[in-house]
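Working notes, beginning with the structure itself.
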Number of protein chains: 2
Amino acid sequence: PDTAARATAEAREPTLTKPAGSLGRLEELAAWLCTWQGGHPPRLDRVRCVVFAGNHGVAAKGVSAFPPAVTVQMVANFQHGGAAVNQLCRTGGADLDVIPLDLDTPTKPFDTDAAMTEDEVVAALNAGLTLDLSAADLLIVGEMGIGNTTAAAALALALFGGTAADWVGRGTGVDDAGFARKRAVVEAAKALHGDALSDPLEALRRVGGRELAAMAGGVLAARRAGVPVLLDGFICCAAAGVWQALTPGGLDHAMAGHVSREPGHRRLLDALGKPPLLDLHMRLGEASGALVALSVLRGAVACHTGMATFAEAGVAEGGGS
Amino acid sequence: PDTAARATAEAREPTLTKPAGSLGRLEELAAWLCTWQGGHPPRLDRVRCVVFAGNHGVAAKGVSAFPPAVTVQMVANFQHGGAAVNQLCRTGGADLDVIPLDLDTPTKPFDTDAAMTEDEVVAALNAGLTLDLSAADLLIVGEMGIGNTTAAAALALALFGGTAADWVGRGTGVDDAGFARKRAVVEAAKALHGDALSDPLEALRRVGGRELAAMAGGVLAARRAGVPVLLDGFICCAAAGVWQALTPGGLDHAMAGHVSREPGHRRLLDALGKPPLLDLHMRLGEASGALVALSVLRGAVACHTGMATFAEAGVAEGGGS
């Protein structure tokens with residue numbers, strides 16, 4: 001973290017033509033970007049959005065409202081520009097990459113086996129770790145994967161404790177029977193893997209998924225490259241949460257873009273200590289919530305860099321009454 | 001309201017390649033725009049932002065952290081592009097007009113007199129009513145006026161009841177002594193004007209201000225022109241609240257862009273029955289909160305109009321599990 005850049009940003013705010021603190025979280029965002037970009041002024045010239053897709057063995061167990069074939073169909077939709085993420089990248093000004101991860105080979109059902117072998121989880125992590133972020137000012141990672149709220153719930157349970165019921169929600173809109181199966185799968189996974197889940201990376205391997213590992217890899221790559229991260233929903237935050245569970249402060253370069261309707265997301269943001277920028281009742285994933293929040297960051301950067309100071313504008317400063 | 005356009009928008013949502021309802025409030029926004037624009041698809045090609053400025057007699061009573069001269073100084077800042085509203089109009093894609101209203105003639109102090117004569121309030125209302133909105137897809141009104149949170153508090157008290165303490169906040173950041181004076185001014189106004197405040201338009205004349213009346217005029221002009229309105233903060237909502245106090249549903253064409261840090265704003269939004277899109281701890285006025293919210297509307301329109309349907313994309317629809 002570049003505390004000098006943060007101090008420069010924080011020192012500029014009270015000189016700008018507005019009451020002190022009156023831009024609220026926009027002021028915090030400008031300082032946060034400087035801290036993790038390692039310089040002042042904050043920049044959002046190149047925003048990268050990377051959506052990873054993976055398939056899940058547990059999807060065969062009736063835990064989702066959609067059939068597993070939808071993962072590959074939605075990847076094609078991303079590639080043809082027809083999904084929400086495409087529209088939101090365009091309006092937000094983000095470059096989109098879509099990275100499908102061995103979609104023909106679902107992970108193993110994690111209620112009866114480890115989801116991935118060590119080679120598999122390393123390959124998935126590397127899909128994110130090897131992103132070239134040298135020209136990026138901000139990274140947003142997103143996901144697609146039928147069944148992946150089940151994996152995220154199991155991972156959040158492993159990383160942050162509680163019960164299956166605390167973390168399992170309706171996902172894309174599963175019915176009551178599917179919801180019960182989903183909870184049962186997460187409970188069975190906890191019973192099966194036991195203490196092995198206390199190691200965050202081992203938990204990622206055993207109950208995560210390829211797109212979760214890749215998002216975690218991307219978030220770590222961003223930390224190394226001096227690129228702040230805007231987090232999306234429940235699945236993204238569960239994956240990124242691995243770094244905070246491993247190391248306090250390991251996710252300080254990441255901001256919560258929004259809180260979704262998936263009930264575990266708010267609990268997860270509380271565990272991460274990250275108040276969300278937006279609460280628009282979204283629950284789509286594929287980076288959509290973070291991309292809407294991106295426009296808040298753009299407003300923050302525009303105000304911080306473009307506003308006149310009191311001295312420049314000849315405006316009298318306030319103070320008292 | 002165009003209920004057919006709303007129905008068309010609502011019928012399209014479940015055909016788009018996402019779980020039903022998963023875009024949350026973005027789906028509601030698309031339907032709301034159609035309802036009040038009077039057609040489908042929703043459009044945001046031309047967004048008008050109009051900032052009205054006025055001066056207040058009560059500003060001489062030490063109710064603000066800033067001296068009254070700041071109103072005219074900030075208008076110059078708007079005209080030279082140095083204020084937050086300028087940066088946010090640019091990033092949000094809105095055309096800005098700044099309309100100063102007799103800045104050399106403050107309203108009379110409303111704790112000892114009516115703020116405006118009938119001629120004065122009519123002239124101020126007309127500044128908004130006569131806006132040419134024929135080419136507009138959305139209207140945002142904002143304000144600048146040292147002392148105007150005091151006027152807004154007095155107006156909100158007149159329109160929606162309660163006590164002065166319910167509606168008086170720190171505004172731009174007044175100190176304890178100024179805060180006490182501010183409450184006293186609002187209490188004195190209530191005692192002075194009494195039952196005359198039960199008529200919303202008479203309350204606007206007696207305790208409002210020129211920029212509040214102009215914003216109210218703009219909001220009514222938008223209703224007549226078939227243009228939805230995105231509301232800004234406490235002062236904007238107090239002014240627009242006149243129409244809801246006059247006629248139930250009189251503000252149905254307006255959406256709350258954000259809730260500000262000014263404590264009376266949340267109470268006011270509750271009274272108006274309008275949940276805010278954003279809560280970013282802003283308290284600047286000059287349309288800034290609504291302009292940040294504008295980007296959420298842009299995301300909503302982009303998704304609603306640009307996404308592929310399940311049939312177009314060859315994606316299997318969900319249902320149950």
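Residues in the structure tokens are numbered from 1 in each chain, the chains being A, B, ... in the order shown, and ligands are numbered from 1 in the order shown.
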
Per-residue nearest contacts of chain B to chain A (6 Å; only C-alpha atoms) as CSV:
```
residue,atom,partner,partner_atom,distance
B:Pro19,CA,A:Thr172,CA,5.5
B:Ser22,CA,A:Arg283,CA,4.8
B:Leu23,CA,A:Met282,CA,4.7
B:Gly24,CA,A:Met282,CA,4.4
B:Arg25,CA,A:Leu280,CA,5.3
B:Gly62,CA,A:Ser321,CA,5.5
B:Ser64,CA,A:Ser321,CA,5.1
B:Ala65,CA,A:Ser321,CA,4.0
B:Phe66,CA,A:Gly318,CA,4.4
B:Gln73,CA,A:Val315,CA,5.4
B:Asn77,CA,A:Ala313,CA,5.9
B:Gly82,CA,A:Ala308,CA,4.5
B:Ala83,CA,A:Met307,CA,5.3
B:Ala84,CA,A:Cys303,CA,5.5
B:Gln87,CA,A:Ala302,CA,5.5
B:Leu88,CA,A:Gly299,CA,5.8
B:Thr172,CA,A:Pro19,CA,5.5
B:Val174,CA,A:Ser321,CA,5.4
B:Asp175,CA,A:Gly320,CA,4.9
B:Gly178,CA,A:Ser321,CA,5.6
B:Leu280,CA,A:Arg25,CA,5.3
B:His281,CA,A:Gly24,CA,4.5
B:Met282,CA,A:Gly24,CA,4.4
B:Arg283,CA,A:Ser22,CA,4.8
B:Leu284,CA,A:Ser22,CA,5.0
B:Gly299,CA,A:Leu88,CA,5.8
B:Ala302,CA,A:Gln87,CA,5.5
B:Cys303,CA,A:Ala84,CA,5.5
B:Met307,CA,A:Gly82,CA,4.8
B:Ala308,CA,A:Gly82,CA,4.5
B:Ala313,CA,A:Asn77,CA,6.0
B:Val315,CA,A:Gln73,CA,5.4
B:Gly318,CA,A:Phe66,CA,4.4
B:Gly319,CA,A:Ala65,CA,5.3
B:Gly320,CA,A:Asp175,CA,4.9
B:Ser321,CA,A:Ala65,CA,3.9
```

Query raised in the report: Leaving out Phe234 of chain B and any residue of its chain fewer than 2 positions from it, which residues lie within 6 Å of it when counting only C-alpha atoms, given as a PyMOL selection string?
Result: chain B and resi 236-237+265

Query raised in the report: If we count only C-alpha atoms, what is near Ala240 of chain A at a cut-off of 12 Å, once residues fewer than 6 positions away on the same chain are taken out, given as a ChimeraX atom specification?
Result: /A:125,128,140-142,152,155-156,159,200-201,204,208,211-223,229-234,246-247,249-256,268-269,272

Query raised in the report: If you measure from atom CA of Gly169 of chain B to atom CA of Lys274 of chain B, what distance in Å do you get, rounded to one decimal?
Result: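 Spanning atom CA of Gly169 of chain B to atom CA of Lys274 of chain B is a straight-line distance of 20.2 Å.
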
Query - A:Ala180, A:Leu44, A:Ala31, A:Ala239 ranked by distance to Ala136 of chain A, top pick (using only C-alpha atoms) - result: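 For Ala136 of chain A, the nearest of the given residues is A:Leu44.
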
Requested in this report: Mind giving me the straight-line distance from atom CA of Val51 of chain B to atom CA of Gly264 of chain B in Å, one decimal?
Outcome: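 Going from atom CA of Val51 of chain B over to atom CA of Gly264 of chain B covers 21.2 Å.
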
Query raised in the report: Out of segment 95-210 of chain B, which residues get strand (DSSP E) from DSSP, as a ChimeraX atom specification?
Result: /B:95-100,138-144

Store the residues of this selection in a file with all heavy atoms, as an mmCIF file, in the first residue's frame.
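File produced: again-v8.cif:
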```
data_model
loop_
_atom_site.group_PDB
_atom_site.id
_atom_site.type_symbol
_atom_site.label_atom_id
_atom_site.label_comp_id
_atom_site.auth_asym_id
_atom_site.auth_seq_id
_atom_site.Cartn_x
_atom_site.Cartn_y
_atom_site.Cartn_z
ATOM 1 N N ASP B 95 -26.551 16.685 -19.921
ATOM 2 C CA ASP B 95 -26.354 18.087 -20.311
ATOM 3 C C ASP B 95 -26.712 18.978 -19.132
ATOM 4 O O ASP B 95 -27.801 18.850 -18.571
ATOM 5 C CB ASP B 95 -27.270 18.448 -21.481
ATOM 6 C CG ASP B 95 -26.956 17.622 -22.713
ATOM 7 O OD1 ASP B 95 -25.778 17.304 -22.927
ATOM 8 O OD2 ASP B 95 -27.904 17.288 -23.452
ATOM 9 N N LEU B 96 -25.820 19.887 -18.795
ATOM 10 C CA LEU B 96 -26.020 20.727 -17.612
ATOM 11 C C LEU B 96 -26.471 22.135 -17.993
ATOM 12 O O LEU B 96 -25.872 22.774 -18.856
ATOM 13 C CB LEU B 96 -24.705 20.817 -16.825
ATOM 14 C CG LEU B 96 -24.714 21.752 -15.603
ATOM 15 C CD1 LEU B 96 -25.708 21.281 -14.549
ATOM 16 C CD2 LEU B 96 -23.308 21.850 -15.008
ATOM 17 N N ASP B 97 -27.525 22.598 -17.317
ATOM 18 C CA ASP B 97 -27.900 24.011 -17.350
ATOM 19 C C ASP B 97 -27.868 24.541 -15.933
ATOM 20 O O ASP B 97 -28.320 23.860 -15.001
ATOM 21 C CB ASP B 97 -29.326 24.187 -17.905
ATOM 22 C CG ASP B 97 -29.395 23.883 -19.386
ATOM 23 O OD1 ASP B 97 -28.746 24.600 -20.165
ATOM 24 O OD2 ASP B 97 -30.074 22.907 -19.750
ATOM 25 N N VAL B 98 -27.355 25.741 -15.784
ATOM 26 C CA VAL B 98 -27.294 26.391 -14.471
ATOM 27 C C VAL B 98 -28.146 27.646 -14.547
ATOM 28 O O VAL B 98 -27.953 28.481 -15.441
ATOM 29 C CB VAL B 98 -25.843 26.764 -14.111
ATOM 30 C CG1 VAL B 98 -25.796 27.451 -12.750
ATOM 31 C CG2 VAL B 98 -24.962 25.526 -14.135
ATOM 32 N N ILE B 99 -29.118 27.762 -13.643
ATOM 33 C CA ILE B 99 -30.056 28.885 -13.693
ATOM 34 C C ILE B 99 -30.047 29.617 -12.355
ATOM 35 O O ILE B 99 -30.676 29.178 -11.384
ATOM 36 C CB ILE B 99 -31.476 28.397 -14.060
ATOM 37 C CG1 ILE B 99 -31.443 27.627 -15.390
ATOM 38 C CG2 ILE B 99 -32.440 29.585 -14.124
ATOM 39 C CD1 ILE B 99 -32.790 27.171 -15.904
ATOM 40 N N PRO B 100 -29.308 30.733 -12.272
ATOM 41 C CA PRO B 100 -29.338 31.538 -11.052
ATOM 42 C C PRO B 100 -30.619 32.360 -11.002
ATOM 43 O O PRO B 100 -31.070 32.881 -12.022
ATOM 44 C CB PRO B 100 -28.101 32.441 -11.186
ATOM 45 C CG PRO B 100 -27.714 32.419 -12.621
ATOM 46 C CD PRO B 100 -28.400 31.270 -13.302
ATOM 47 N N LEU B 138 -34.885 12.137 -19.587
ATOM 48 C CA LEU B 138 -34.835 12.105 -18.126
ATOM 49 C C LEU B 138 -34.468 13.502 -17.643
ATOM 50 O O LEU B 138 -33.666 14.188 -18.285
ATOM 51 C CB LEU B 138 -33.764 11.118 -17.638
ATOM 52 C CG LEU B 138 -33.659 10.919 -16.113
ATOM 53 C CD1 LEU B 138 -34.766 9.979 -15.621
ATOM 54 C CD2 LEU B 138 -32.300 10.329 -15.723
ATOM 55 N N LEU B 139 -35.046 13.908 -16.521
ATOM 56 C CA LEU B 139 -34.698 15.191 -15.909
ATOM 57 C C LEU B 139 -34.112 14.955 -14.519
ATOM 58 O O LEU B 139 -34.639 14.162 -13.735
ATOM 59 C CB LEU B 139 -35.934 16.090 -15.769
ATOM 60 C CG LEU B 139 -35.697 17.419 -15.035
ATOM 61 C CD1 LEU B 139 -34.790 18.353 -15.844
ATOM 62 C CD2 LEU B 139 -37.023 18.112 -14.716
ATOM 63 N N ILE B 140 -33.021 15.659 -14.248
ATOM 64 C CA ILE B 140 -32.452 15.722 -12.902
ATOM 65 C C ILE B 140 -32.415 17.192 -12.516
ATOM 66 O O ILE B 140 -31.914 18.012 -13.289
ATOM 67 C CB ILE B 140 -31.021 15.128 -12.887
ATOM 68 C CG1 ILE B 140 -31.060 13.626 -13.144
ATOM 69 C CG2 ILE B 140 -30.315 15.439 -11.568
ATOM 70 C CD1 ILE B 140 -29.692 12.975 -13.333
ATOM 71 N N VAL B 141 -32.996 17.522 -11.368
ATOM 72 C CA VAL B 141 -32.905 18.905 -10.891
ATOM 73 C C VAL B 141 -32.031 18.949 -9.648
ATOM 74 O O VAL B 141 -32.057 18.044 -8.819
ATOM 75 C CB VAL B 141 -34.291 19.531 -10.603
ATOM 76 C CG1 VAL B 141 -35.038 19.791 -11.896
ATOM 77 C CG2 VAL B 141 -35.113 18.674 -9.653
ATOM 78 N N GLY B 142 -31.242 20.017 -9.556
ATOM 79 C CA GLY B 142 -30.355 20.183 -8.412
ATOM 80 C C GLY B 142 -30.354 21.630 -7.969
ATOM 81 O O GLY B 142 -31.004 22.476 -8.596
ATOM 82 N N GLU B 143 -29.628 21.905 -6.889
ATOM 83 C CA GLU B 143 -29.693 23.242 -6.310
ATOM 84 C C GLU B 143 -28.376 23.683 -5.702
ATOM 85 O O GLU B 143 -27.531 22.861 -5.361
ATOM 86 C CB GLU B 143 -30.772 23.310 -5.233
ATOM 87 C CG GLU B 143 -30.826 22.142 -4.265
ATOM 88 C CD GLU B 143 -29.583 21.855 -3.494
ATOM 89 O OE1 GLU B 143 -28.973 22.819 -2.987
ATOM 90 O OE2 GLU B 143 -29.205 20.673 -3.380
ATOM 91 N N MET B 144 -28.270 24.980 -5.565
ATOM 92 C CA MET B 144 -27.193 25.622 -4.823
ATOM 93 C C MET B 144 -27.818 26.813 -4.117
ATOM 94 O O MET B 144 -28.559 27.574 -4.751
ATOM 95 C CB MET B 144 -26.117 26.105 -5.781
ATOM 96 C CG MET B 144 -24.993 26.883 -5.110
ATOM 97 S SD MET B 144 -23.962 25.779 -4.095
ATOM 98 C CE MET B 144 -23.622 26.847 -2.695
#
```

Report task. Go through A:Ala287, A:Val227, A:Met116, A:Leu197 and flag the residue nearest Gly161 of chain A, using only C-alpha atoms for the distances. Result -> A:Leu197
